[in-house]
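coords-v7.cif (mmCIF, C-alpha atoms) appears below.
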data_entry
#
loop_
_atom_site.label_atom_id
_atom_site.label_comp_id
_atom_site.auth_asym_id
_atom_site.auth_seq_id
_atom_site.Cartn_x
_atom_site.Cartn_y
_atom_site.Cartn_z
CA MET Y 1 0.00 0.00 0.00
CA SER Y 2 1.49 3.35 -0.92
CA GLY Y 3 0.62 6.96 -1.47
CA ASP Y 4 0.69 10.19 0.42
CA GLY Y 5 -0.79 8.49 3.42
CA GLY Y 6 1.98 5.92 3.45
CA GLY Y 7 1.46 2.21 3.69
CA VAL Y 8 2.40 -0.97 5.44
CA SER Y 9 3.57 -4.17 3.80
CA GLU Y 10 5.04 -7.35 5.28
CA SER Y 11 8.72 -7.98 4.73
CA GLY Y 12 8.73 -11.75 4.44
CA ALA Y 13 10.10 -12.40 0.95
CA GLY Y 14 13.67 -12.82 -0.23
CA GLU Y 15 16.68 -14.24 1.57
CA LEU Y 16 18.62 -13.13 4.60
CA GLY Y 17 22.29 -13.87 4.75
CA SER Y 18 25.19 -12.82 6.87
CA SER Y 19 28.97 -12.62 6.94
CA LEU Y 20 31.35 -12.52 9.87
CA SER Y 21 34.56 -10.55 9.39
CA ARG Y 22 37.64 -10.07 11.48
CA ASN Y 23 38.21 -6.50 12.72
CA ASP Y 24 41.50 -4.88 13.68
CA VAL Y 25 41.10 -3.34 17.11
CA TYR Y 26 43.19 -0.68 18.85
CA GLN Y 27 42.62 0.17 22.49
CA GLU Y 28 43.77 3.34 24.20
CA ASP Y 29 44.94 3.40 27.81
CA ASP Y 30 45.95 6.21 30.11
CA SER Y 31 49.44 4.71 30.41
CA CYS Y 32 50.02 2.75 27.21
CA SER Y 33 48.48 1.50 23.97
CA LYS Y 34 48.08 -2.12 23.08
CA ALA Y 35 46.54 -4.32 20.43
CA VAL Y 36 43.50 -6.33 21.39
CA SER Y 37 42.53 -9.51 19.60
CA PRO Y 38 38.95 -9.66 18.33
CA LEU Y 39 36.58 -11.92 20.15
CA GLY Y 40 35.30 -15.00 18.41
CA ALA Y 41 31.79 -15.04 17.01
CA PRO Y 42 29.13 -16.58 19.25
CA ARG Y 43 28.08 -20.08 18.37
CA SER Y 44 24.62 -20.50 16.96
CA ARG Y 45 21.99 -23.02 17.94
CA ASN Y 46 19.55 -24.33 15.38
CA THR Y 47 16.16 -25.08 16.93
CA SER Y 48 12.84 -26.10 15.45
CA PRO Y 49 9.47 -26.11 17.20
CA SER Y 50 7.57 -27.55 14.26
CA GLY Y 51 6.63 -31.19 14.03
CA ARG Y 52 3.99 -33.49 12.64
CA ALA Y 53 1.55 -35.34 14.88
CA GLY Y 54 2.81 -38.79 15.80
CA SER Y 55 6.39 -38.03 14.80
CA ARG Y 56 9.14 -39.78 16.70
CA ASN Y 57 11.50 -37.62 18.76
CA THR Y 58 15.08 -38.79 18.66
CA SER Y 59 18.27 -37.54 20.26
CA PRO Y 60 20.07 -34.63 18.64
CA SER Y 61 22.98 -36.82 17.61
CA ARG Y 62 20.71 -39.14 15.59
CA GLN Y 63 18.44 -36.53 14.09
CA LYS Y 64 19.09 -35.23 10.61
CA VAL Y 65 19.22 -31.45 10.57
CA VAL Y 66 17.64 -29.95 7.47
CA LYS Y 67 18.84 -26.45 6.68
CA THR Y 68 16.49 -24.29 4.67
CA LYS Y 69 16.98 -20.84 3.21
CA PRO Y 70 15.25 -18.37 5.50
CA ARG Y 71 12.93 -15.70 4.22
CA GLY Y 72 13.76 -12.09 4.91
CA PHE Y 73 16.40 -9.73 3.53
CA ASP Y 74 18.69 -10.51 0.61
CA GLU Y 75 22.03 -12.18 1.24
CA GLU Y 76 24.90 -9.82 0.59
CA THR Y 77 28.11 -11.66 1.46
CA ALA Y 78 29.14 -14.98 2.95
CA ALA Y 79 32.62 -15.30 4.42
CA THR Y 80 33.79 -16.79 7.71
CA PHE Y 81 37.22 -16.60 9.32
CA ALA Y 82 38.52 -19.19 11.80
CA LYS Y 83 35.04 -20.27 12.80
CA PRO Y 84 35.00 -23.70 14.50
CA VAL Y 85 32.61 -26.23 13.06
CA HIS Y 86 30.19 -27.74 15.56
CA PRO Y 87 27.12 -29.88 14.89
CA ASP Y 88 23.80 -28.11 15.29
CA VAL Y 89 21.74 -29.10 18.31
CA GLN Y 90 18.05 -29.61 17.72
CA MET Y 91 15.66 -29.35 20.66
CA GLU Y 92 12.71 -31.63 21.16
CA ASP Y 93 9.60 -30.48 19.30
CA ASN Y 94 7.26 -30.94 22.26
CA ILE Y 95 9.32 -28.54 24.40
CA TRP Y 96 8.50 -25.64 22.09
CA ALA Y 97 4.92 -26.80 21.60
CA MET Y 98 4.21 -26.65 25.35
CA LEU Y 99 5.67 -23.18 25.92
CA PRO Y 100 3.08 -20.61 27.04
CA GLU Y 101 2.61 -17.87 24.47
CA ASP Y 102 3.74 -15.12 26.87
CA LEU Y 103 6.98 -16.97 27.58
CA LEU Y 104 7.56 -17.57 23.88
CA ASN Y 105 7.02 -13.87 23.20
CA GLU Y 106 9.49 -13.07 25.99
CA ILE Y 107 12.11 -15.29 24.36
CA LEU Y 108 11.58 -14.08 20.81
CA ALA Y 109 11.65 -10.44 21.90
CA ARG Y 110 15.28 -10.93 22.94
CA VAL Y 111 16.35 -12.26 19.56
CA PRO Y 112 18.28 -9.71 17.44
CA PRO Y 113 15.79 -8.07 15.06
CA PHE Y 114 17.42 -9.28 11.83
CA MET Y 115 17.30 -12.88 13.11
CA ILE Y 116 13.53 -12.62 13.45
CA PHE Y 117 13.16 -13.10 9.71
CA ARG Y 118 14.82 -16.48 9.99
CA LEU Y 119 12.38 -17.51 12.71
CA ARG Y 120 9.32 -16.46 10.74
CA SER Y 121 9.88 -19.34 8.35
CA VAL Y 122 10.02 -21.97 11.11
CA CYS Y 123 6.28 -22.54 11.41
CA LYS Y 124 2.92 -20.81 11.00
CA ARG Y 125 2.58 -20.28 14.73
CA TRP Y 126 5.82 -18.34 14.99
CA ASN Y 127 5.01 -16.35 11.89
CA SER Y 128 1.70 -15.26 13.41
CA ILE Y 129 3.25 -14.54 16.82
CA LEU Y 130 5.78 -12.12 15.34
CA GLN Y 131 2.94 -10.14 13.80
CA ASP Y 132 1.02 -10.01 17.05
CA SER Y 133 0.72 -6.84 19.12
CA SER Y 134 1.71 -8.73 22.30
CA PHE Y 135 5.10 -9.55 20.75
CA LEU Y 136 5.62 -5.87 19.92
CA LYS Y 137 4.83 -5.02 23.54
CA PHE Y 138 7.53 -7.40 24.81
CA HIS Y 139 9.92 -6.17 22.09
CA SER Y 140 9.43 -2.54 23.14
CA GLU Y 141 10.48 -3.38 26.71
CA VAL Y 142 13.74 -5.03 25.65
CA PRO Y 143 16.85 -2.80 25.40
CA SER Y 144 18.48 -2.26 22.04
CA HIS Y 145 20.60 -5.11 20.71
CA GLY Y 146 23.28 -2.60 19.74
CA PRO Y 147 23.81 0.05 17.08
CA CYS Y 148 23.95 -0.54 13.36
CA LEU Y 149 25.30 1.46 10.44
CA LEU Y 150 22.85 2.23 7.65
CA THR Y 151 24.34 2.96 4.22
CA PHE Y 152 22.16 4.52 1.53
CA TRP Y 153 23.05 5.24 -2.09
CA ASN Y 154 21.49 5.38 -5.54
CA ASN Y 155 22.58 2.82 -8.12
CA SER Y 156 21.32 3.82 -11.58
CA GLN Y 157 18.59 5.91 -9.91
CA ILE Y 158 17.53 2.86 -7.86
CA PRO Y 159 17.84 3.41 -4.09
CA GLN Y 160 20.02 0.85 -2.32
CA CYS Y 161 20.35 0.28 1.41
CA SER Y 162 22.59 -1.94 3.53
CA VAL Y 163 22.79 -2.25 7.30
CA PHE Y 164 25.85 -3.38 9.25
CA SER Y 165 25.16 -4.83 12.71
CA LEU Y 166 28.05 -3.89 15.00
CA PRO Y 167 27.27 -6.59 17.64
CA LEU Y 168 26.89 -9.34 15.01
CA LYS Y 169 29.57 -7.94 12.65
CA THR Y 170 27.24 -8.73 9.78
CA TRP Y 171 25.95 -6.86 6.71
CA TYR Y 172 22.28 -7.10 5.68
CA LYS Y 173 20.81 -5.75 2.47
CA ILE Y 174 17.44 -4.01 2.92
CA PRO Y 175 15.22 -3.58 -0.15
CA LEU Y 176 13.62 -0.15 -0.51
CA THR Y 177 11.20 -1.15 -3.24
CA PHE Y 178 8.29 -0.35 -0.92
CA LEU Y 179 9.15 3.37 -1.04
CA PRO Y 180 7.81 5.72 -3.75
CA GLN Y 181 9.97 6.41 -6.78
CA TRP Y 182 11.17 9.87 -5.83
CA ALA Y 183 14.56 11.47 -6.23
CA PHE Y 184 15.20 11.42 -2.47
CA TRP Y 185 18.18 11.47 -0.14
CA LEU Y 186 18.82 10.39 3.43
CA VAL Y 187 18.02 12.85 6.23
CA GLY Y 188 18.90 10.58 9.15
CA SER Y 189 17.68 7.93 11.56
CA SER Y 190 16.46 7.89 15.14
CA GLY Y 191 14.66 5.36 17.35
CA GLY Y 192 14.29 2.75 14.61
CA LEU Y 193 12.84 5.19 12.06
CA VAL Y 194 14.57 6.50 8.93
CA CYS Y 195 13.76 9.87 7.36
CA PHE Y 196 14.15 10.75 3.68
CA SER Y 197 13.45 13.96 1.79
CA GLY Y 198 13.37 14.59 -1.92
CA LEU Y 199 11.52 15.76 -4.98
CA ASP Y 200 8.35 14.20 -6.33
CA GLY Y 201 8.50 15.93 -9.67
CA LEU Y 202 8.96 19.57 -8.64
CA THR Y 203 7.36 19.20 -5.20
CA PHE Y 204 9.59 18.88 -2.13
CA LYS Y 205 8.44 16.10 0.18
CA THR Y 206 9.55 14.35 3.36
CA LEU Y 207 8.78 10.77 4.38
CA VAL Y 208 9.45 8.59 7.42
CA CYS Y 209 9.65 4.80 7.33
CA ASN Y 210 10.49 1.74 9.41
CA PRO Y 211 12.73 -0.44 7.19
CA LEU Y 212 11.99 -3.60 9.21
CA THR Y 213 8.19 -3.44 8.96
CA GLN Y 214 8.26 -1.57 5.61
CA ALA Y 215 5.71 0.91 6.97
CA TRP Y 216 6.05 4.46 5.62
CA ARG Y 217 4.15 7.68 5.23
CA THR Y 218 4.60 11.12 3.71
CA LEU Y 219 4.65 14.07 6.09
CA PRO Y 220 2.44 17.10 5.44
CA SER Y 221 4.00 19.95 3.46
CA MET Y 222 5.83 22.66 5.37
CA HIS Y 223 4.53 26.21 5.48
CA TYR Y 224 7.57 27.26 3.42
CA ASN Y 225 7.96 24.12 1.35
CA GLN Y 226 11.56 24.31 0.11
CA GLN Y 227 14.58 22.05 0.37
CA ARG Y 228 15.98 22.47 3.88
CA GLN Y 229 18.68 21.26 6.21
CA MET Y 230 16.76 18.73 8.29
CA ILE Y 231 17.22 16.38 11.22
CA MET Y 232 14.89 13.83 12.83
CA VAL Y 233 14.74 12.97 16.55
CA ALA Y 234 12.58 10.20 18.04
CA ASN Y 235 11.24 9.76 21.55
CA ARG Y 236 10.74 6.10 22.43
CA THR Y 237 9.00 6.94 25.70
CA ASP Y 238 5.88 8.37 24.09
CA ARG Y 239 6.54 6.74 20.68
CA SER Y 240 6.70 10.05 18.84
CA PHE Y 241 9.22 11.85 16.67
CA LYS Y 242 10.02 15.36 15.49
CA VAL Y 243 11.64 16.70 12.33
CA ILE Y 244 13.47 20.04 12.52
CA ALA Y 245 13.92 22.04 9.30
CA THR Y 246 16.37 24.94 9.52
CA SER Y 247 17.73 27.16 6.73
CA ASP Y 248 17.43 26.60 2.99
CA ILE Y 249 20.18 24.39 1.51
CA TYR Y 250 20.90 27.09 -1.09
CA GLY Y 251 21.60 29.72 1.56
CA ASP Y 252 18.23 31.48 1.85
CA LYS Y 253 18.40 32.87 5.38
CA THR Y 254 14.92 34.37 5.42
CA LEU Y 255 13.10 31.09 6.05
CA PRO Y 256 11.84 30.46 9.58
CA THR Y 257 12.68 27.30 11.45
CA GLU Y 258 9.89 24.71 11.23
CA VAL Y 259 9.31 21.72 13.49
CA TYR Y 260 7.10 18.72 12.69
CA ASP Y 261 5.46 16.92 15.64
CA SER Y 262 4.15 13.42 14.90
CA LYS Y 263 1.63 13.61 17.77
CA LEU Y 264 0.03 16.69 16.20
CA ASN Y 265 0.81 15.74 12.59
CA THR Y 266 1.55 19.40 11.80
CA TRP Y 267 4.48 21.75 11.22
CA SER Y 268 4.92 24.70 13.56
CA VAL Y 269 6.78 27.88 12.57
CA HIS Y 270 9.46 29.29 14.87
CA GLN Y 271 12.21 31.90 14.94
CA ILE Y 272 14.33 32.62 11.87
CA MET Y 273 17.96 31.66 12.39
CA PRO Y 274 20.06 34.82 12.91
CA ALA Y 275 22.25 35.88 9.97
CA VAL Y 276 25.43 33.83 10.36
CA ASN Y 277 28.01 32.21 8.10
CA LEU Y 278 27.78 28.47 8.62
CA CYS Y 279 30.90 26.29 8.49
CA SER Y 280 29.00 23.18 7.48
CA SER Y 281 25.51 21.89 6.87
CA LYS Y 282 26.11 19.10 9.41
CA MET Y 283 24.04 19.34 12.58
CA ALA Y 284 24.14 17.59 15.95
CA PHE Y 285 21.21 17.12 18.33
CA CYS Y 286 21.64 16.34 22.01
CA ASP Y 287 19.79 17.24 25.21
CA SER Y 288 16.88 18.79 23.26
CA ARG Y 289 19.26 21.22 21.55
CA LEU Y 290 20.37 21.51 17.94
CA TYR Y 291 23.92 22.69 17.22
CA LEU Y 292 25.55 24.11 14.07
CA GLU Y 293 29.07 25.45 13.47
CA THR Y 294 29.47 29.10 12.48
CA LEU Y 295 32.37 31.15 11.14
CA SER Y 296 30.87 34.57 11.69
CA PRO Y 297 30.29 35.00 14.52
CA LEU Y 298 32.79 32.28 15.47
CA GLY Y 299 31.38 29.45 17.55
CA LEU Y 300 28.09 27.57 17.57
CA MET Y 301 24.45 28.34 16.90
CA MET Y 302 22.13 26.49 19.29
CA TYR Y 303 18.41 25.93 18.75
CA ARG Y 304 16.35 25.08 21.84
CA LEU Y 305 13.54 22.73 20.96
CA ASP Y 306 11.54 23.62 24.07
CA THR Y 307 11.49 27.39 23.44
CA GLY Y 308 11.87 27.47 19.64
CA CYS Y 309 14.63 30.10 19.89
CA TRP Y 310 18.21 30.39 18.58
CA GLU Y 311 21.20 31.61 20.54
CA HIS Y 312 24.94 31.94 19.90
CA ILE Y 313 27.60 30.08 21.91
CA PRO Y 314 31.08 31.70 21.61
CA ALA Y 315 33.05 28.45 21.73
CA LYS Y 316 36.17 29.13 19.63
CA PHE Y 317 37.48 26.30 17.49
CA PRO Y 318 40.95 24.81 18.03
CA ARG Y 319 43.79 26.44 16.10
CA SER Y 320 44.74 25.00 12.67
CA LEU Y 321 41.44 23.13 12.43
CA LEU Y 322 41.02 22.19 8.75
CA ASP Y 323 37.53 20.69 8.88
CA GLY Y 324 35.25 19.86 11.76
CA TYR Y 325 32.17 17.76 12.43
CA LEU Y 326 29.83 18.09 15.36
CA VAL Y 327 28.87 14.74 16.90
CA ALA Y 328 26.21 14.25 19.58
CA GLY Y 329 26.95 11.97 22.51
CA THR Y 330 24.96 10.82 25.51
CA GLN Y 331 24.13 12.85 28.63
CA LYS Y 332 24.59 16.30 27.09
CA ARG Y 333 27.99 15.43 25.61
CA LEU Y 334 28.89 17.26 22.40
CA PHE Y 335 32.02 16.35 20.42
CA LEU Y 336 34.00 18.09 17.70
CA VAL Y 337 35.99 15.92 15.28
CA GLY Y 338 38.46 17.34 12.78
CA ARG Y 339 41.92 17.39 11.21
CA ILE Y 340 44.71 19.56 12.53
CA GLY Y 341 47.69 20.83 10.48
CA LEU Y 342 48.70 22.71 7.37
CA TYR Y 343 50.54 19.99 5.46
CA SER Y 344 49.83 16.30 4.94
CA THR Y 345 52.84 15.26 7.03
CA LEU Y 346 51.67 17.36 9.98
CA GLN Y 347 48.01 16.38 9.95
CA SER Y 348 46.27 14.40 12.64
CA MET Y 349 42.66 13.60 13.50
CA ARG Y 350 41.54 14.74 16.92
CA ILE Y 351 38.41 14.68 19.06
CA TRP Y 352 37.35 17.45 21.42
CA GLU Y 353 34.47 17.69 23.89
CA LEU Y 354 32.62 20.91 24.68
CA ASP Y 355 32.99 22.12 28.25
CA HIS Y 356 29.58 23.75 28.72
CA THR Y 357 30.73 25.57 31.86
CA LYS Y 358 33.88 27.17 30.44
CA ILE Y 359 32.46 27.29 26.87
CA MET Y 360 35.62 25.82 25.36
CA TRP Y 361 36.71 22.69 23.48
CA VAL Y 362 38.83 20.18 25.44
CA GLU Y 363 40.82 17.54 23.55
CA ILE Y 364 39.98 13.99 24.63
CA SER Y 365 41.57 11.75 21.99
CA ARG Y 366 43.71 11.51 18.86
CA MET Y 367 43.44 9.01 16.06
CA PRO Y 368 46.50 6.70 16.00
CA PRO Y 369 48.77 7.51 13.01
CA LYS Y 370 48.38 4.09 11.36
CA TYR Y 371 44.60 4.49 11.24
CA PHE Y 372 44.88 8.07 10.03
CA ARG Y 373 47.21 7.11 7.18
CA ALA Y 374 45.01 4.18 6.15
CA LEU Y 375 41.81 6.22 6.26
CA LEU Y 376 43.08 9.39 4.59
CA ARG Y 377 46.14 8.93 2.41
CA LEU Y 378 45.98 12.41 0.91
CA SER Y 379 45.53 15.70 2.73
CA ALA Y 380 42.67 16.72 0.42
CA GLU Y 381 40.68 13.50 0.79
CA ARG Y 382 37.16 13.96 2.03
CA PHE Y 383 35.81 12.05 5.00
CA GLU Y 384 32.47 11.84 6.78
CA CYS Y 385 31.95 11.61 10.51
CA PHE Y 386 28.84 10.91 12.58
CA GLY Y 387 28.03 9.45 15.97
CA GLN Y 388 25.55 8.01 18.41
CA ASP Y 389 25.70 6.95 22.07
CA ASN Y 390 29.37 7.98 22.42
CA LEU Y 391 30.33 5.99 19.31
CA ILE Y 392 32.00 7.95 16.50
CA CYS Y 393 32.24 6.55 12.98
CA PHE Y 394 34.63 7.75 10.25
CA THR Y 395 34.19 6.92 6.57
CA SER Y 396 36.44 7.85 3.65
CA TRP Y 397 34.97 8.46 0.22
CA ASN Y 398 38.12 7.53 -1.70
CA GLN Y 399 39.36 4.63 0.39
CA GLY Y 400 35.98 2.99 0.97
CA LYS Y 401 36.82 2.25 4.60
CA GLY Y 402 35.04 2.68 7.89
CA LEU Y 403 36.58 3.26 11.30
CA LEU Y 404 34.80 3.20 14.66
CA TYR Y 405 35.86 4.87 17.90
CA ASP Y 406 34.27 4.10 21.28
CA VAL Y 407 34.64 7.22 23.43
CA ASP Y 408 33.93 5.38 26.69
CA LYS Y 409 36.22 2.41 26.07
CA LYS Y 410 38.81 4.40 24.07
CA VAL Y 411 38.92 1.68 21.43
CA TRP Y 412 39.56 2.12 17.67
CA SER Y 413 38.43 -0.64 15.28
CA TRP Y 414 37.90 -1.11 11.55
CA ILE Y 415 34.42 -1.85 10.21
CA ALA Y 416 34.32 -4.76 7.80
CA GLY Y 417 32.62 -4.41 4.44
CA CYS Y 418 32.61 -0.64 4.01
CA ALA Y 419 34.09 -1.10 0.54
CA LEU Y 420 30.48 -1.81 -0.50
CA GLN Y 421 29.83 1.92 -0.31
CA SER Y 422 30.05 4.11 -3.39
CA TYR Y 423 31.29 7.66 -3.64
CA ASN Y 424 27.78 9.11 -3.33
CA SER Y 425 26.66 7.01 -0.37
CA GLN Y 426 25.24 8.42 2.85
CA VAL Y 427 25.82 6.71 6.19
CA CYS Y 428 24.20 7.10 9.61
CA PHE Y 429 23.68 5.11 12.77
CA TYR Y 430 20.50 3.04 12.88
CA GLU Y 431 18.71 1.13 15.64
CA PRO Y 432 16.51 -1.66 14.17
CA ARG Y 433 13.22 -1.95 16.05
CA PHE Y 434 9.88 -3.54 15.17
CA ASP Y 435 7.98 -1.33 17.59
CA ALA Y 436 9.08 1.98 16.01
CA SER Y 437 5.86 3.67 14.88
CA ILE Y 438 5.60 6.04 11.92
CA HIS Y 439 2.55 7.77 13.46
#
Please, can you express the file's structure as structure tokens?
Amino acid sequence: MSGDGGGVSESGAGELGSSLSRNDVYQEDDSCSKAVSPLGAPRSRNTSPSGRAGSRNTSPSRQKVVKTKPRGFDEETAATFAKPVHPDVQMEDNIWAMLPEDLLNEILARVPPFMIFRLRSVCKRWNSILQDSSFLKFHSEVPSHGPCLLTFWNNSQIPQCSVFSLPLKTWYKIPLTFLPQWAFWLVGSSGGLVCFSGLDGLTFKTLVCNPLTQAWRTLPSMHYNQQRQMIMVANRTDRSFKVIATSDIYGDKTLPTEVYDSKLNTWSVHQIMPAVNLCSSKMAFCDSRLYLETLSPLGLMMYRLDTGCWEHIPAKFPRSLLDGYLVAGTQKRLFLVGRIGLYSTLQSMRIWELDHTKIMWVEISRMPPKYFRALLRLSAERFECFGQDNLICFTSWNQGKGLLYDVDKKVWSWIAGCALQSYNSQVCFYEPRFDASIH
């Protein structure tokens, strides 16, 4: 079902595959630096609750395990490194058959979301349970299984999307054929939802979707319906989301800031951003505040979502900063990531954190030279940087590589499979959730 009102369709066709890849890991310490070996992949258990009446239950060692291709997302790669081979263990059919439905929902809600599509093909009962509202209730109460990276690009005008699960170290290909055929681009992701904006003919439109459930809908038109710098923020507590549209992407500074509220299904008009020279179109949202870098006046512009007003923060940038990205962290933490130096031999990548009390940037980390040289071989190479939950991701357009930094653990690690990206790809963090509502 599609159209301006959006639609919902089941995602049960196709294949879901996975690949496990070895990552190089670098861990910082206050006293020294050391290499850390990657942990082995968790062993999987193949279970089956289905069974015919009167069938004979045998021990796992005597049973023949039949592997079928699961239904779900398309398989993208299949490669395993140093994975020990162990026979699959099959549980007795009657154990699953006697499980109370609430307990079964409790178990399935703790399964990583992408694995759910494998389970849907086990039997009709499980397929119906995963579509039940009680399962979504249990799923909503379970913490996130960990962040993912969502990569979006257009291949011959056909939108393509892949998701890399950081906990599972696996790539999944997500079809976007359920979306309308617009010329759209990625705005961002929050709380399991993904936001796109684009042109339907000559009309600027914005849509929000849940890639797992393939539910989507078009948002109402803004009061000043032009292409804007936009960001989406979701609130899982009340299952709502907001979209903030700031200045025009072509530099029109006369447009007021507009905010869409999913609970009201309307756009509200707020203060016009003061006349400033922006350093970048990249924005960061944390603690109900939106931040942008400015050259004149030097510092940050901050938009308060609760009051709808802009104000300037005179936080001067570090000296010799070539390019900087604002990255939102947890608990009011705001980071600045950028290169320092005038020549390629003097450059380094550094991370600063904003001291809200002193209104100044404090350096907290530097990228190790070997990672910097591998990520950016030339001084003029372009890189992208974004973050979520104190995780900062770096991607290089020319090298096709991805690097992850954990601010809390002070660990640097490569992300496998980023060579799948093309030069025009867009990347953001993504949290897969079945309970993320588009309304």
| task | Using atom CA of Y:Gly402 and atom CA of Y:Pro369 as the two end points, give the distance in Å to one decimal. | result |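 Computing it gives 15.4 Å between the two atoms.
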Could you give me, as number ranges by chain, the residues within 10 Å of Y:Gln426, counting only C-alpha atoms and dropping anything in the same chain fewer than 5 positions from it?
-> Y: 150-154, 161, 185-188, 384, 395, 421
Residues returned when the PyMOL selection byres ((chain Y and resi 258) around 12) runs on this file, as an NGL selection string
:Y and (221-226 or 228-231 or 242-248 or 255-257 or 259-261 or 266-273 or 303 or 305 or 308-309)
TODO: Just say which residues the PyMOL selection byres ((chain Y and resi 375) around 8) picks in this file, as a PyMOL selection string.
DONE: chain Y and resi 371-374+376-377+395-396+399+401-403
Applied to this file, what does the PyMOL selection byres ((chain Y and resi 314-326) around 10) return in terms of residues, put as a VMD selection string? chain Y and resid 279 to 285 291 to 295 297 to 301 311 to 313 327 to 329 334 to 342 347 to 356 358 to 363 379 382 to 387
What would the file look like if the residues just selected were written as an mmCIF file, in the coordinates of the input with C-alpha atoms?
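File produced: result39.cif:
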data_model
loop_
_atom_site.group_PDB
_atom_site.id
_atom_site.type_symbol
_atom_site.label_atom_id
_atom_site.label_comp_id
_atom_site.auth_asym_id
_atom_site.auth_seq_id
_atom_site.Cartn_x
_atom_site.Cartn_y
_atom_site.Cartn_z
ATOM 1 C CA CYS Y 279 30.900 26.290 8.490
ATOM 2 C CA SER Y 280 29.000 23.180 7.480
ATOM 3 C CA SER Y 281 25.510 21.890 6.870
ATOM 4 C CA LYS Y 282 26.110 19.100 9.410
ATOM 5 C CA MET Y 283 24.040 19.340 12.580
ATOM 6 C CA ALA Y 284 24.140 17.590 15.950
ATOM 7 C CA PHE Y 285 21.210 17.120 18.330
ATOM 8 C CA TYR Y 291 23.920 22.690 17.220
ATOM 9 C CA LEU Y 292 25.550 24.110 14.070
ATOM 10 C CA GLU Y 293 29.070 25.450 13.470
ATOM 11 C CA THR Y 294 29.470 29.100 12.480
ATOM 12 C CA LEU Y 295 32.370 31.150 11.140
ATOM 13 C CA PRO Y 297 30.290 35.000 14.520
ATOM 14 C CA LEU Y 298 32.790 32.280 15.470
ATOM 15 C CA GLY Y 299 31.380 29.450 17.550
ATOM 16 C CA LEU Y 300 28.090 27.570 17.570
ATOM 17 C CA MET Y 301 24.450 28.340 16.900
ATOM 18 C CA GLU Y 311 21.200 31.610 20.540
ATOM 19 C CA HIS Y 312 24.940 31.940 19.900
ATOM 20 C CA ILE Y 313 27.600 30.080 21.910
ATOM 21 C CA VAL Y 327 28.870 14.740 16.900
ATOM 22 C CA ALA Y 328 26.210 14.250 19.580
ATOM 23 C CA GLY Y 329 26.950 11.970 22.510
ATOM 24 C CA LEU Y 334 28.890 17.260 22.400
ATOM 25 C CA PHE Y 335 32.020 16.350 20.420
ATOM 26 C CA LEU Y 336 34.000 18.090 17.700
ATOM 27 C CA VAL Y 337 35.990 15.920 15.280
ATOM 28 C CA GLY Y 338 38.460 17.340 12.780
ATOM 29 C CA ARG Y 339 41.920 17.390 11.210
ATOM 30 C CA ILE Y 340 44.710 19.560 12.530
ATOM 31 C CA GLY Y 341 47.690 20.830 10.480
ATOM 32 C CA LEU Y 342 48.700 22.710 7.370
ATOM 33 C CA GLN Y 347 48.010 16.380 9.950
ATOM 34 C CA SER Y 348 46.270 14.400 12.640
ATOM 35 C CA MET Y 349 42.660 13.600 13.500
ATOM 36 C CA ARG Y 350 41.540 14.740 16.920
ATOM 37 C CA ILE Y 351 38.410 14.680 19.060
ATOM 38 C CA TRP Y 352 37.350 17.450 21.420
ATOM 39 C CA GLU Y 353 34.470 17.690 23.890
ATOM 40 C CA LEU Y 354 32.620 20.910 24.680
ATOM 41 C CA ASP Y 355 32.990 22.120 28.250
ATOM 42 C CA HIS Y 356 29.580 23.750 28.720
ATOM 43 C CA LYS Y 358 33.880 27.170 30.440
ATOM 44 C CA ILE Y 359 32.460 27.290 26.870
ATOM 45 C CA MET Y 360 35.620 25.820 25.360
ATOM 46 C CA TRP Y 361 36.710 22.690 23.480
ATOM 47 C CA VAL Y 362 38.830 20.180 25.440
ATOM 48 C CA GLU Y 363 40.820 17.540 23.550
ATOM 49 C CA SER Y 379 45.530 15.700 2.730
ATOM 50 C CA ARG Y 382 37.160 13.960 2.030
ATOM 51 C CA PHE Y 383 35.810 12.050 5.000
ATOM 52 C CA GLU Y 384 32.470 11.840 6.780
ATOM 53 C CA CYS Y 385 31.950 11.610 10.510
ATOM 54 C CA PHE Y 386 28.840 10.910 12.580
ATOM 55 C CA GLY Y 387 28.030 9.450 15.970
#
From Y:Leu290, Y:His439, Y:Tyr405, Y:Val194, residue lying nearest Y:Pro368 [only C-alpha atoms]
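Using only C-alpha atoms, the shortest distance to Y:Pro368 belongs to Y:Tyr405.
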Original post:
Hey, what's within 8 Å of Y:Phe164 if we count all atoms listed in the file and toss same-chain stuff fewer than 2 positions away? As a list in words, please?
Top reply: Cys148, Leu149, Leu150, Ser162, Leu166, Lys169, Thr170, Trp171 and Tyr172 of chain Y
